[in-house]
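One file, protein37.cif, is given below (mmCIF, C-alpha atoms).
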data_my_file
#
loop_
_atom_site.label_atom_id
_atom_site.label_comp_id
_atom_site.auth_asym_id
_atom_site.auth_seq_id
_atom_site.Cartn_x
_atom_site.Cartn_y
_atom_site.Cartn_z
CA ARG A 1 -42.37 26.33 -7.68
CA ALA A 2 -42.86 25.01 -11.16
CA CYS A 3 -46.03 24.06 -12.99
CA TRP A 4 -46.29 20.29 -13.23
CA THR A 5 -46.85 19.25 -16.81
CA SER A 6 -45.18 15.83 -16.91
CA SER A 7 -46.87 12.58 -16.04
CA THR A 8 -43.58 10.95 -15.06
CA VAL A 9 -42.30 13.67 -12.79
CA VAL A 10 -41.26 11.64 -9.75
CA ASN A 11 -39.19 9.10 -11.68
CA SER A 12 -37.44 11.53 -14.03
CA ALA A 13 -33.70 12.06 -13.73
CA GLY A 14 -32.56 15.62 -13.23
CA MET A 15 -29.79 17.57 -14.95
CA ASN A 16 -27.20 18.67 -12.39
CA GLU A 17 -27.04 22.50 -12.17
CA SER A 18 -24.52 22.88 -9.35
CA TYR A 19 -21.84 23.97 -11.88
CA LYS A 20 -23.85 27.11 -12.79
CA PRO A 21 -22.25 30.38 -11.60
CA GLU A 22 -25.29 31.43 -9.55
CA PHE A 23 -25.23 28.14 -7.59
CA ILE A 24 -21.45 28.25 -7.09
CA GLU A 25 -21.89 31.73 -5.59
CA LEU A 26 -24.85 30.60 -3.48
CA LYS A 27 -22.87 27.61 -2.12
CA LYS A 28 -19.96 29.91 -1.16
CA TRP A 29 -22.36 32.35 0.51
CA LEU A 30 -24.04 29.53 2.46
CA LYS A 31 -20.66 28.11 3.51
CA ASP A 32 -19.69 31.52 4.92
CA ARG A 33 -22.85 31.30 7.01
CA LYS A 34 -21.92 27.83 8.32
CA PHE A 35 -24.08 25.73 5.97
CA GLU A 36 -22.76 23.00 3.71
CA ASP A 37 -25.11 20.44 2.21
CA THR A 38 -23.99 16.87 1.64
CA ASN A 39 -27.36 15.35 0.67
CA LEU A 40 -28.74 17.56 -2.07
CA ILE A 41 -27.66 19.33 -5.27
CA PRO A 42 -29.54 21.81 -7.49
CA ALA A 43 -30.89 20.21 -10.67
CA CYS A 44 -33.43 20.82 -13.42
CA PHE A 45 -36.18 18.21 -13.82
CA PRO A 46 -38.63 17.61 -16.66
CA GLY A 47 -42.04 18.78 -15.51
CA THR A 48 -41.10 20.49 -12.25
CA GLY A 49 -38.19 22.64 -13.44
CA ARG A 50 -35.55 23.67 -10.93
CA GLY A 51 -35.41 21.62 -7.73
CA LEU A 52 -33.07 19.63 -5.50
CA MET A 53 -31.71 16.15 -6.29
CA SER A 54 -30.51 13.57 -3.79
CA LYS A 55 -26.82 12.66 -4.00
CA MET A 56 -27.54 9.42 -2.13
CA SER A 57 -30.58 7.37 -1.12
CA LEU A 58 -32.56 9.01 1.66
CA ARG A 59 -34.23 6.85 4.29
CA GLU A 60 -37.40 7.49 6.26
CA GLY A 61 -36.88 9.80 9.21
CA GLN A 62 -33.64 11.26 7.83
CA THR A 63 -32.97 15.00 8.16
CA ILE A 64 -32.64 16.14 4.56
CA ILE A 65 -31.71 19.74 5.29
CA SER A 66 -30.69 21.71 8.37
CA LEU A 67 -30.34 25.42 7.59
CA PRO A 68 -28.64 27.58 10.27
CA GLU A 69 -30.47 30.65 11.58
CA SER A 70 -27.70 32.82 10.09
CA CYS A 71 -28.97 31.88 6.59
CA LEU A 72 -32.61 32.76 7.26
CA LEU A 73 -34.10 36.09 6.20
CA THR A 74 -36.58 37.18 8.88
CA THR A 75 -37.96 40.41 10.31
CA ASP A 76 -34.98 40.33 12.72
CA THR A 77 -32.69 40.58 9.68
CA VAL A 78 -34.63 43.62 8.48
CA ILE A 79 -34.75 45.39 11.87
CA ARG A 80 -30.97 44.90 12.35
CA SER A 81 -30.33 46.45 8.90
CA TYR A 82 -30.20 50.08 7.75
CA LEU A 83 -34.02 49.93 7.49
CA GLY A 84 -34.44 49.35 11.24
CA ALA A 85 -34.29 53.02 12.27
CA TYR A 86 -36.84 54.01 9.61
CA ILE A 87 -39.23 51.20 10.60
CA ALA A 88 -38.94 52.19 14.29
CA LYS A 89 -39.93 55.80 13.45
CA TRP A 90 -42.87 55.03 11.17
CA GLN A 91 -46.45 55.25 12.48
CA PRO A 92 -48.59 53.23 12.38
CA PRO A 93 -45.97 50.46 12.66
CA PRO A 94 -45.36 48.56 9.38
CA SER A 95 -46.50 44.94 9.18
CA PRO A 96 -43.97 42.06 9.27
CA LEU A 97 -44.85 41.39 5.60
CA LEU A 98 -44.15 44.99 4.59
CA ALA A 99 -40.80 44.88 6.43
CA LEU A 100 -39.73 41.74 4.50
CA CYS A 101 -40.97 43.06 1.15
CA THR A 102 -39.24 46.42 1.64
CA PHE A 103 -35.96 44.69 2.44
CA LEU A 104 -36.21 42.46 -0.65
CA VAL A 105 -36.89 45.41 -2.99
CA SER A 106 -34.12 47.48 -1.42
CA GLU A 107 -31.52 44.68 -1.55
CA LYS A 108 -32.45 43.75 -5.12
CA HIS A 109 -32.00 47.40 -6.08
CA ALA A 110 -28.56 47.42 -4.38
CA GLY A 111 -27.39 44.76 -6.86
CA ASP A 112 -23.71 43.86 -6.38
CA ARG A 113 -23.56 45.88 -3.13
CA SER A 114 -26.12 43.62 -1.42
CA PRO A 115 -24.74 40.96 0.97
CA TRP A 116 -27.85 38.94 -0.04
CA LYS A 117 -27.02 39.04 -3.75
CA PRO A 118 -26.17 35.29 -4.08
CA TYR A 119 -29.64 34.44 -2.76
CA LEU A 120 -31.46 37.13 -4.75
CA GLU A 121 -29.78 35.90 -7.95
CA VAL A 122 -31.43 32.47 -7.73
CA LEU A 123 -34.91 33.79 -6.94
CA PRO A 124 -37.42 33.74 -9.83
CA LYS A 125 -37.48 36.93 -11.91
CA THR A 126 -41.22 36.49 -12.49
CA TYR A 127 -44.06 34.57 -10.87
CA THR A 128 -47.28 32.93 -12.06
CA CYS A 129 -49.50 33.66 -9.06
CA PRO A 130 -52.85 35.12 -10.20
CA VAL A 131 -51.69 38.63 -9.21
CA CYS A 132 -49.08 38.39 -12.00
CA LEU A 133 -51.35 36.92 -14.69
CA GLU A 134 -52.73 39.08 -17.48
CA PRO A 135 -56.46 39.90 -17.08
CA GLU A 136 -57.42 37.86 -20.17
CA VAL A 137 -55.69 34.83 -18.61
CA VAL A 138 -57.38 35.34 -15.21
CA ASN A 139 -60.74 35.28 -17.01
CA LEU A 140 -60.00 31.73 -18.24
CA LEU A 141 -59.83 30.38 -14.67
CA PRO A 142 -62.74 28.41 -13.16
CA SER A 143 -65.31 30.75 -11.63
CA PRO A 144 -64.54 30.36 -7.87
CA LEU A 145 -60.79 30.67 -8.52
CA LYS A 146 -61.30 33.66 -10.82
CA THR A 147 -63.12 35.48 -7.98
CA LYS A 148 -60.25 34.76 -5.59
CA ALA A 149 -57.70 35.80 -8.24
CA TRP A 150 -59.32 39.24 -8.61
CA GLU A 151 -59.43 39.53 -4.81
CA GLN A 152 -55.70 38.76 -4.66
CA ARG A 153 -54.98 41.46 -7.24
CA SER A 154 -57.02 44.02 -5.29
CA HIS A 155 -55.31 42.98 -2.05
CA VAL A 156 -51.78 43.48 -3.47
CA GLN A 157 -52.74 46.79 -5.11
CA GLU A 158 -54.13 48.01 -1.78
CA PHE A 159 -50.96 46.77 -0.02
CA PHE A 160 -48.90 48.89 -2.44
CA SER A 161 -51.10 52.01 -2.15
CA SER A 162 -51.16 51.92 1.64
CA SER A 163 -47.35 51.50 1.80
CA ARG A 164 -46.35 54.47 -0.39
CA GLY A 165 -46.08 56.87 2.54
CA PHE A 166 -43.67 54.53 4.31
CA PHE A 167 -41.61 54.09 1.12
CA SER A 168 -41.35 57.90 0.78
CA SER A 169 -39.85 58.07 4.28
CA LEU A 170 -36.93 55.93 2.99
CA GLN A 171 -35.87 58.53 0.38
CA PRO A 172 -32.75 59.61 2.40
CA LEU A 173 -31.32 56.11 1.84
CA PHE A 174 -31.37 56.42 -1.97
CA SER A 175 -30.02 58.79 -4.59
CA GLU A 176 -32.74 57.90 -7.14
CA ALA A 177 -36.41 58.86 -6.82
CA ILE A 178 -38.08 56.46 -4.39
CA GLU A 179 -41.03 55.88 -6.79
CA SER A 180 -38.67 54.37 -9.36
CA ILE A 181 -37.31 51.84 -6.81
CA PHE A 182 -40.49 50.95 -4.90
CA SER A 183 -42.77 50.59 -7.92
CA TYR A 184 -45.90 48.42 -7.94
CA ARG A 185 -44.07 45.84 -10.08
CA ALA A 186 -41.13 45.68 -7.61
CA LEU A 187 -43.41 45.31 -4.58
CA ARG A 188 -45.51 42.67 -6.37
CA TRP A 189 -42.34 40.66 -7.05
CA ALA A 190 -41.36 40.89 -3.36
CA TRP A 191 -44.88 39.99 -2.20
CA CYS A 192 -44.87 36.89 -4.44
CA THR A 193 -41.39 35.93 -3.21
CA VAL A 194 -42.55 35.94 0.43
CA ASN A 195 -45.96 34.41 -0.34
CA THR A 196 -44.65 31.51 -2.43
CA ARG A 197 -41.29 30.75 -0.79
CA ALA A 198 -41.40 31.61 2.92
CA VAL A 199 -41.38 28.81 5.50
CA TYR A 200 -43.54 28.97 8.63
CA MET A 201 -41.56 30.12 11.64
CA LYS A 202 -43.39 31.73 14.54
CA ARG A 203 -41.49 34.62 16.07
CA PRO A 204 -42.06 36.79 19.16
CA PRO A 205 -43.70 40.12 18.23
CA LEU A 206 -41.38 43.08 17.68
CA LEU A 207 -42.51 46.39 19.19
CA CYS A 208 -41.65 48.37 16.04
CA LEU A 209 -43.91 46.18 13.85
CA SER A 210 -47.71 45.87 13.77
CA PRO A 211 -49.19 43.08 15.92
CA GLU A 212 -50.03 40.76 12.97
CA PRO A 213 -48.51 37.26 13.33
CA ASP A 214 -44.83 37.28 12.36
CA THR A 215 -44.52 33.78 10.88
CA CYS A 216 -42.58 34.11 7.60
CA ALA A 217 -38.90 33.32 7.07
CA LEU A 218 -37.13 33.08 3.73
CA ALA A 219 -34.87 30.03 3.65
CA PRO A 220 -32.22 30.17 0.91
CA TYR A 221 -31.47 26.84 -0.81
CA LEU A 222 -34.16 25.04 1.19
CA ASP A 223 -36.76 26.95 -0.87
CA LEU A 224 -35.59 25.15 -4.02
CA LEU A 225 -37.48 22.06 -2.84
CA ASN A 226 -40.63 21.47 -4.91
CA HIS A 227 -44.02 20.24 -3.70
CA SER A 228 -45.51 16.78 -4.06
CA PRO A 229 -48.79 15.72 -2.44
CA ASP A 230 -47.39 12.18 -2.14
CA VAL A 231 -44.62 12.81 0.39
CA GLN A 232 -44.68 13.36 4.13
CA ILE A 233 -42.26 15.60 6.01
CA LYS A 234 -41.71 17.27 9.34
CA ALA A 235 -40.48 20.85 9.09
CA ALA A 236 -39.74 23.22 11.97
CA PHE A 237 -37.17 25.51 13.53
CA ASN A 238 -35.12 23.55 16.07
CA GLU A 239 -34.57 25.80 19.11
CA GLU A 240 -31.63 23.68 20.31
CA THR A 241 -29.61 23.54 17.09
CA ARG A 242 -30.89 27.01 15.97
CA CYS A 243 -31.52 25.51 12.52
CA TYR A 244 -34.59 25.18 10.34
CA GLU A 245 -34.85 21.43 9.77
CA ILE A 246 -36.74 19.23 7.35
CA ARG A 247 -37.07 15.54 8.11
CA THR A 248 -38.59 13.21 5.52
CA ALA A 249 -41.03 10.41 6.31
CA THR A 250 -40.76 9.15 2.73
CA ARG A 251 -37.83 7.34 1.11
CA CYS A 252 -36.10 8.85 -1.89
CA GLY A 253 -33.76 7.06 -4.31
CA ARG A 254 -30.30 8.27 -5.33
CA HIS A 255 -30.26 10.97 -8.04
CA LYS A 256 -34.03 11.50 -7.72
CA GLU A 257 -35.83 14.77 -7.08
CA VAL A 258 -36.43 15.37 -3.37
CA PHE A 259 -39.88 16.75 -2.62
CA ILE A 260 -41.58 18.33 0.36
CA CYS A 261 -45.32 18.75 0.88
CA TYR A 262 -46.79 22.22 1.38
CA GLY A 263 -49.98 20.67 2.75
CA PRO A 264 -53.09 18.80 1.51
CA HIS A 265 -53.99 21.59 -0.94
CA ASP A 266 -56.23 21.36 -3.99
CA ASN A 267 -55.03 22.88 -7.27
CA HIS A 268 -56.97 26.12 -6.77
CA ARG A 269 -55.10 26.76 -3.53
CA LEU A 270 -51.75 25.76 -5.07
CA LEU A 271 -52.25 28.14 -8.01
CA LEU A 272 -53.50 30.96 -5.82
CA GLU A 273 -50.75 30.72 -3.20
CA TYR A 274 -47.79 29.29 -5.12
CA GLY A 275 -48.47 29.83 -8.83
CA PHE A 276 -48.39 26.19 -10.00
CA VAL A 277 -50.67 23.20 -10.53
CA SER A 278 -49.97 19.64 -9.37
CA ILE A 279 -50.65 16.81 -11.82
CA ARG A 280 -52.65 13.86 -10.42
CA ASN A 281 -53.18 15.75 -7.18
CA PRO A 282 -55.39 13.51 -4.96
CA HIS A 283 -56.78 16.68 -3.30
CA ALA A 284 -57.78 18.30 -6.62
CA CYS A 285 -61.48 18.92 -7.18
CA VAL A 286 -64.02 21.01 -9.10
CA TYR A 287 -66.09 23.45 -7.04
CA VAL A 288 -69.84 23.88 -7.50
CA SER A 289 -71.12 27.41 -6.76
CA LYS A 290 -74.57 28.26 -5.38
CA ASP A 291 -75.67 29.44 -8.83
CA MET A 292 -74.65 26.11 -10.40
CA LEU A 293 -76.38 24.20 -7.62
CA VAL A 294 -79.81 25.55 -8.61
CA LYS A 295 -79.19 25.84 -12.38
CA TYR A 296 -81.09 22.62 -13.21
CA LEU A 297 -83.77 22.77 -10.50
CA PRO A 298 -87.38 23.79 -11.26
CA THR A 299 -87.95 27.54 -10.86
CA THR A 300 -91.51 26.75 -9.74
CA ASP A 301 -90.35 25.28 -6.40
CA LYS A 302 -91.96 27.60 -3.82
CA GLN A 303 -89.72 26.27 -1.06
CA MET A 304 -86.45 26.93 -2.92
CA ASN A 305 -85.49 30.06 -0.94
CA LYS A 306 -86.19 28.25 2.34
CA LYS A 307 -84.08 25.27 1.18
CA ILE A 308 -81.16 27.57 0.26
CA SER A 309 -81.42 29.26 3.68
CA ILE A 310 -81.24 25.87 5.42
CA LEU A 311 -78.12 24.94 3.42
CA GLU A 312 -76.51 28.30 4.29
CA ASP A 313 -77.42 28.02 7.98
CA HIS A 314 -75.91 24.51 8.17
CA ASP A 315 -72.77 25.39 6.17
CA PHE A 316 -73.77 23.25 3.18
CA ILE A 317 -73.40 25.91 0.49
CA GLU A 318 -69.58 26.09 0.32
CA ASN A 319 -67.00 23.40 -0.54
CA LEU A 320 -69.38 21.36 -2.70
CA THR A 321 -67.20 19.47 -5.14
CA PHE A 322 -66.65 16.84 -7.78
CA GLY A 323 -63.53 14.76 -7.07
CA TRP A 324 -61.62 11.84 -8.54
CA ASP A 325 -64.07 9.40 -6.92
CA GLY A 326 -67.24 11.29 -7.92
CA PRO A 327 -69.46 13.97 -6.38
CA SER A 328 -68.64 14.68 -2.75
CA TRP A 329 -71.03 13.54 -0.02
CA ARG A 330 -71.67 17.22 0.79
CA LEU A 331 -72.65 18.01 -2.81
CA LEU A 332 -75.06 15.08 -2.99
CA ALA A 333 -76.57 15.96 0.41
CA ALA A 334 -77.15 19.56 -0.72
CA LEU A 335 -78.78 18.37 -3.97
CA LYS A 336 -80.95 15.83 -2.14
CA LEU A 337 -82.25 18.59 0.14
CA LEU A 338 -82.93 20.88 -2.83
CA CYS A 339 -84.76 18.04 -4.65
CA LEU A 340 -87.15 17.23 -1.75
CA GLU A 341 -90.79 17.18 -2.83
CA ALA A 342 -93.23 19.41 -0.90
CA GLU A 343 -94.53 16.46 1.12
CA GLU A 344 -90.93 15.35 1.97
CA PHE A 345 -89.71 18.78 3.04
CA THR A 346 -90.12 18.12 6.76
CA CYS A 347 -87.42 15.41 6.45
CA TRP A 348 -84.65 17.88 5.58
CA LYS A 349 -82.70 17.21 8.80
CA LYS A 350 -82.51 13.49 7.96
CA VAL A 351 -81.03 14.37 4.54
CA LEU A 352 -78.17 16.33 6.17
CA LEU A 353 -77.55 13.36 8.48
CA GLY A 354 -77.16 11.08 5.45
CA GLU A 355 -80.46 9.21 5.55
CA ILE A 356 -82.25 8.11 2.36
CA ILE A 357 -85.71 9.74 2.07
CA SER A 358 -87.02 8.05 -1.09
CA ASP A 359 -85.79 6.40 -4.27
CA THR A 360 -87.29 9.29 -6.24
CA ASN A 361 -85.32 11.84 -4.24
CA GLU A 362 -82.09 9.84 -4.72
CA LYS A 363 -82.66 9.51 -8.48
CA THR A 364 -83.64 13.17 -9.01
CA SER A 365 -80.60 14.47 -7.12
CA LEU A 366 -78.25 12.17 -9.09
CA ASP A 367 -79.81 13.36 -12.36
CA VAL A 368 -79.19 16.98 -11.37
CA ALA A 369 -75.58 16.14 -10.37
CA GLN A 370 -75.11 14.51 -13.78
CA LYS A 371 -76.44 17.64 -15.57
CA ILE A 372 -74.11 19.91 -13.57
CA CYS A 373 -71.18 17.60 -14.32
CA ARG A 374 -71.99 17.58 -18.07
CA TYR A 375 -72.27 21.38 -18.09
CA PHE A 376 -68.81 21.64 -16.48
CA ILE A 377 -67.33 19.17 -19.00
CA GLU A 378 -68.69 21.23 -21.93
CA GLU A 379 -67.52 24.51 -20.38
CA THR A 380 -64.04 23.11 -19.63
CA ASN A 381 -63.68 21.77 -23.18
CA ALA A 382 -64.70 25.16 -24.59
CA VAL A 383 -62.10 26.95 -22.42
CA LEU A 384 -59.40 24.45 -23.45
CA GLN A 385 -60.17 25.14 -27.13
CA LYS A 386 -59.96 28.88 -26.47
CA VAL A 387 -56.62 28.45 -24.65
CA SER A 388 -55.29 26.42 -27.59
CA ARG A 389 -56.20 29.23 -30.03
CA MET A 390 -54.71 31.90 -27.74
CA LYS A 391 -51.43 29.97 -27.48
CA ASP A 392 -51.05 30.36 -31.26
CA GLU A 393 -51.99 34.06 -31.23
CA GLU A 394 -50.48 35.31 -27.94
CA VAL A 395 -47.01 33.77 -27.84
CA SER A 396 -45.89 36.14 -25.05
CA LEU A 397 -48.54 34.59 -22.75
CA MET A 398 -47.42 30.99 -23.44
CA ASN A 399 -46.34 30.20 -19.84
CA GLN A 400 -49.48 31.69 -18.31
CA LEU A 401 -51.77 29.94 -20.80
CA THR A 402 -49.99 26.61 -20.26
CA LEU A 403 -50.68 26.97 -16.53
CA VAL A 404 -54.42 27.47 -17.15
CA GLU A 405 -54.37 24.60 -19.66
CA THR A 406 -52.80 22.28 -17.06
CA LEU A 407 -55.39 23.26 -14.43
CA ARG A 408 -58.34 22.88 -16.82
CA THR A 409 -57.05 19.56 -18.22
CA GLU A 410 -56.81 18.16 -14.69
CA GLU A 411 -60.35 19.37 -13.95
CA LEU A 412 -61.62 17.76 -17.15
CA LYS A 413 -60.16 14.41 -16.02
CA ILE A 414 -61.81 14.81 -12.60
CA LEU A 415 -65.17 15.63 -14.20
CA GLN A 416 -64.91 12.64 -16.55
CA ALA A 417 -64.15 10.39 -13.55
CA SER A 418 -67.12 11.91 -11.68
CA ALA A 419 -69.43 11.38 -14.67
CA LYS A 420 -68.50 7.66 -14.67
CA ALA A 421 -69.05 7.41 -10.91
CA LEU A 422 -72.48 9.05 -11.31
CA ILE A 423 -73.51 6.49 -13.95
CA THR A 424 -72.63 3.71 -11.48
CA LEU A 425 -74.69 5.43 -8.75
CA GLN A 426 -77.63 6.03 -11.09
CA THR A 427 -77.85 2.38 -12.17
CA ALA A 428 -78.81 1.50 -8.60
CA PHE A 429 -82.02 3.54 -9.05
CA THR A 430 -83.11 2.51 -12.57
#
Show how you would write the structure in this file as structure tokens.
Amino acid sequence: RACWTSSTVVNSAGMNESYKPEFIELKKWLKDRKFEDTNLIPACFPGTGRGLMSKMSLREGQTIISLPESCLLTTDTVIRSYLGAYIAKWQPPPSPLLALCTFLVSEKHAGDRSPWKPYLEVLPKTYTCPVCLEPEVVNLLPSPLKTKAWEQRSHVQEFFSSSRGFFSSLQPLFSEAIESIFSYRALRWAWCTVNTRAVYMKRPPLLCLSPEPDTCALAPYLDLLNHSPDVQIKAAFNEETRCYEIRTATRCGRHKEVFICYGPHDNHRLLLEYGFVSIRNPHACVYVSKDMLVKYLPTTDKQMNKKISILEDHDFIENLTFGWDGPSWRLLAALKLLCLEAEEFTCWKKVLLGEIISDTNEKTSLDVAQKICRYFIEETNAVLQKVSRMKDEEVSLMNQLTLVETLRTEELKILQASAKALITLQTAFT
């Protein structure tokens, strides 16, 4: 799940890594579990890092990987293990996520004794999800993402705190103090592993686990596939073959990186959930908060509170964005409503239906959009300069800062594209 920093990612040739000891061991381990892959080999690519390369050309509709159930790590795996009896005894029942995370921490601690060692060895040692970023790096993120990043950190800290009692119950399994094995850092690593790498696989509820949906399965080897917004795939567990299968709807040339698509996610979602940013992501956008929406509107408008209430009631206060092709229709509609003159206010419903109220209203709302866009461009440039200085001073944070730099650079390009689109729209009303 690498950060995309190359503009020629899809066409770049990869360096074969199948000779590396960890991949030789993984291949042996997979073969023992009845999986041998003839289509793909591990490789390192400029821009995306570690991924899978096609050995031959792949055609549309071809199954690129079919991973037997015996290779998957699910809650069934955990319940059948030495942890099963402890999970069955614990009240209230642990969640499916806690079961998976506990197993990962325990098996990683077991080292050479773990039957899952070949898989654990190829998992990332560290992650770049917001929960793993240093606070000074989190503060460089765009405002809406920064809020979600702090929420993620609180969520994982609470997950750890609420699980300590359960971890203590596992002490009989270990000779060392349980706190040294199930530390916050260890659980955070396991949480990121499940959150960034698990495939969706709905499973029947297990009585010894809490009733939350049990939908995560770790899929060794398959999880080396990187994301591209430009490909289409079908991925699901095949009940007949008892394999997790991925079928591509996109061709791929020989010796090229094979991609899958995690979904039509913008870069905020990709960074939050997977810890990377996608270059030239068609779904990428810049979010406009409620505070920014009213920043350039007259404070003397007596109807402002009523206008904001209308936007909130009609779900027009969230997901207001600038994109590659300019301000979104929703953003412009919200601004048009906020810019209504007192005598036009009764027409607010028409605005939300997309009707033009007056040339003045159109022009005023576009002017405000332009001011917001300019503000974002200045703010983004300032953050990029700060990141550049920090990269010189805080060498240990280089990877994290590069991630923020990639995100902010993409947003700057989007804002510049939006500024151009706004000029085109404004000329119609001058």
To verify the selection step, state as JSON, numbers by chain which residues the PyMOL selection byres ((chain A and resi 256-265) around 8) yields on this input. {"A": [10, 11, 12, 13, 14, 45, 51, 52, 53, 54, 225, 226, 227, 228, 229, 230, 231, 232, 233, 248, 252, 253, 254, 255, 266, 267, 268, 269, 270, 283, 284]}
If we count all atoms listed in the file and set the cut-off at 12 Å, which residues sit around A:Thr196, ignoring sequence neighbours fewer than 6 positions away in its own chain? Please answer as an MDAnalysis selection string. chainID A and resid 1:2 123:124 126:130 188:190 216:219 223:227 262 269:276
Could you turn the residues from that selection into a file that holds C-alpha atoms, as an mmCIF file, in the coordinates of the input?
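Dumped everything to again_16.cif:
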data_model
loop_
_atom_site.group_PDB
_atom_site.id
_atom_site.type_symbol
_atom_site.label_atom_id
_atom_site.label_comp_id
_atom_site.auth_asym_id
_atom_site.auth_seq_id
_atom_site.Cartn_x
_atom_site.Cartn_y
_atom_site.Cartn_z
ATOM 1 C CA ARG A 1 -42.370 26.330 -7.680
ATOM 2 C CA ALA A 2 -42.860 25.010 -11.160
ATOM 3 C CA LEU A 123 -34.910 33.790 -6.940
ATOM 4 C CA PRO A 124 -37.420 33.740 -9.830
ATOM 5 C CA THR A 126 -41.220 36.490 -12.490
ATOM 6 C CA TYR A 127 -44.060 34.570 -10.870
ATOM 7 C CA THR A 128 -47.280 32.930 -12.060
ATOM 8 C CA CYS A 129 -49.500 33.660 -9.060
ATOM 9 C CA PRO A 130 -52.850 35.120 -10.200
ATOM 10 C CA ARG A 188 -45.510 42.670 -6.370
ATOM 11 C CA TRP A 189 -42.340 40.660 -7.050
ATOM 12 C CA ALA A 190 -41.360 40.890 -3.360
ATOM 13 C CA CYS A 216 -42.580 34.110 7.600
ATOM 14 C CA ALA A 217 -38.900 33.320 7.070
ATOM 15 C CA LEU A 218 -37.130 33.080 3.730
ATOM 16 C CA ALA A 219 -34.870 30.030 3.650
ATOM 17 C CA ASP A 223 -36.760 26.950 -0.870
ATOM 18 C CA LEU A 224 -35.590 25.150 -4.020
ATOM 19 C CA LEU A 225 -37.480 22.060 -2.840
ATOM 20 C CA ASN A 226 -40.630 21.470 -4.910
ATOM 21 C CA HIS A 227 -44.020 20.240 -3.700
ATOM 22 C CA TYR A 262 -46.790 22.220 1.380
ATOM 23 C CA ARG A 269 -55.100 26.760 -3.530
ATOM 24 C CA LEU A 270 -51.750 25.760 -5.070
ATOM 25 C CA LEU A 271 -52.250 28.140 -8.010
ATOM 26 C CA LEU A 272 -53.500 30.960 -5.820
ATOM 27 C CA GLU A 273 -50.750 30.720 -3.200
ATOM 28 C CA TYR A 274 -47.790 29.290 -5.120
ATOM 29 C CA GLY A 275 -48.470 29.830 -8.830
ATOM 30 C CA PHE A 276 -48.390 26.190 -10.000
#
Evaluate the PyMOL selection byres ((chain A and resi 214) around 8) here and jot the selected residues down as a VMD selection string. chain A and resid 75 96 to 97 201 to 205 212 to 213 215 to 216
If we count all atoms listed in the file, what is near stretch 106-122 of chain A at a cut-off of 8 Å, once residues fewer than 4 positions away on the same chain are taken out, given as a ChimeraX atom specification? /A:22-23,25-26,29,102,181,220
Taking into account all atoms listed in the file, which residue in the set A:Lys28, A:Lys413, A:Arg330, A:Arg374 is nearest to A:Ile317?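 Among the listed residues, the smallest separation from A:Ile317 belongs to A:Arg330.
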From (-39.8, 52.5, -6.8), in the file's coordinates, out to 10 Å: which residues are reached, counting all atoms listed in the file? Answer as a compact mmCIF listing (two decimals) with C-alpha atoms, in the coordinates of the input.
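Produced file result07.txt, reproduced below:
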# COMPACT_ATOMS: atom_id res chain seq x y z
CA VAL A 105 -36.89 45.41 -2.99
CA SER A 106 -34.12 47.48 -1.42
CA HIS A 109 -32.00 47.40 -6.08
CA ARG A 164 -46.35 54.47 -0.39
CA PHE A 167 -41.61 54.09 1.12
CA SER A 168 -41.35 57.90 0.78
CA GLU A 176 -32.74 57.90 -7.14
CA ALA A 177 -36.41 58.86 -6.82
CA ILE A 178 -38.08 56.46 -4.39
CA GLU A 179 -41.03 55.88 -6.79
CA SER A 180 -38.67 54.37 -9.36
CA ILE A 181 -37.31 51.84 -6.81
CA PHE A 182 -40.49 50.95 -4.90
CA SER A 183 -42.77 50.59 -7.92
CA TYR A 184 -45.90 48.42 -7.94
CA ARG A 185 -44.07 45.84 -10.08
CA ALA A 186 -41.13 45.68 -7.61
CA LEU A 187 -43.41 45.31 -4.58
Any chance you could work out the residue set of the PyMOL selection byres ((chain A and resi 373) around 9) here, as a list in words?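 Expected selection for the PyMOL selection byres ((chain A and resi 373) around 9) here is Phe322, Pro327, Val368, Ala369, Gln370, Lys371, Ile372, Arg374, Tyr375, Phe376, Ile377, Glu378, Leu415, Gln416, Ser418 and Ala419 of chain A.
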For A:Cys101, the closest of A:Thr346, A:Ser388, A:Asn381, A:Phe160 counting only C-alpha atoms is A:Phe160
Return the single residue from A:Leu207, A:Leu145, A:Leu170, A:Ile279 that is closest to A:Phe103, with distances computed using all atoms listed in the file.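 Closest residue, counting all atoms listed in the file: A:Leu170.
Remark: for A:Pro94, the closest of the candidate residues A:Ala249, A:Tyr221, A:Leu72, A:Ser163 is A:Ser163 (distances computed over all atoms listed in the file).
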Gap from atom CA of A:Gly323 to atom CA of A:Ala417 - Å, one decimal: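 About the pair atom CA of A:Gly323 and atom CA of A:Ala417: they are 7.8 Å apart.
The closest residue to A:Leu422, picked from A:Glu379, A:Arg280, A:Lys386, A:Trp324 and counting only C-alpha atoms, is A:Trp324.
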Figure out the distance between atom CA of A:Lys55 and atom CA of A:Ile41, please, to one decimal in Å.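 A separation of 6.8 Å between them.
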Could you please determine the separation between atom CA of A:Thr77 and atom CA of A:Cys208 in Å, to one decimal place?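 Spanning atom CA of A:Thr77 to atom CA of A:Cys208 is a straight-line distance of 13.5 Å.
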Non-local contacts of A:Lys391 (12 Å; only C-alpha atoms; under 2 positions in same chain excluded) as a PyMOL selection string: chain A and resi 137+384-389+393-405
Can I get the residues of stretch 236-298 of chain A within 10 Å of stretch 333-336 of chain A, each with the closest pair of atoms and their distance in Å to one decimal, using only C-alpha atoms, sorted chain first then ascending number, as JSON lines?
{"residue": "A:Leu293", "atom": "CA", "partner": "A:Leu335", "partner_atom": "CA", "distance": 7.3}
{"residue": "A:Val294", "atom": "CA", "partner": "A:Leu335", "partner_atom": "CA", "distance": 8.6}
{"residue": "A:Leu297", "atom": "CA", "partner": "A:Leu335", "partner_atom": "CA", "distance": 9.3}
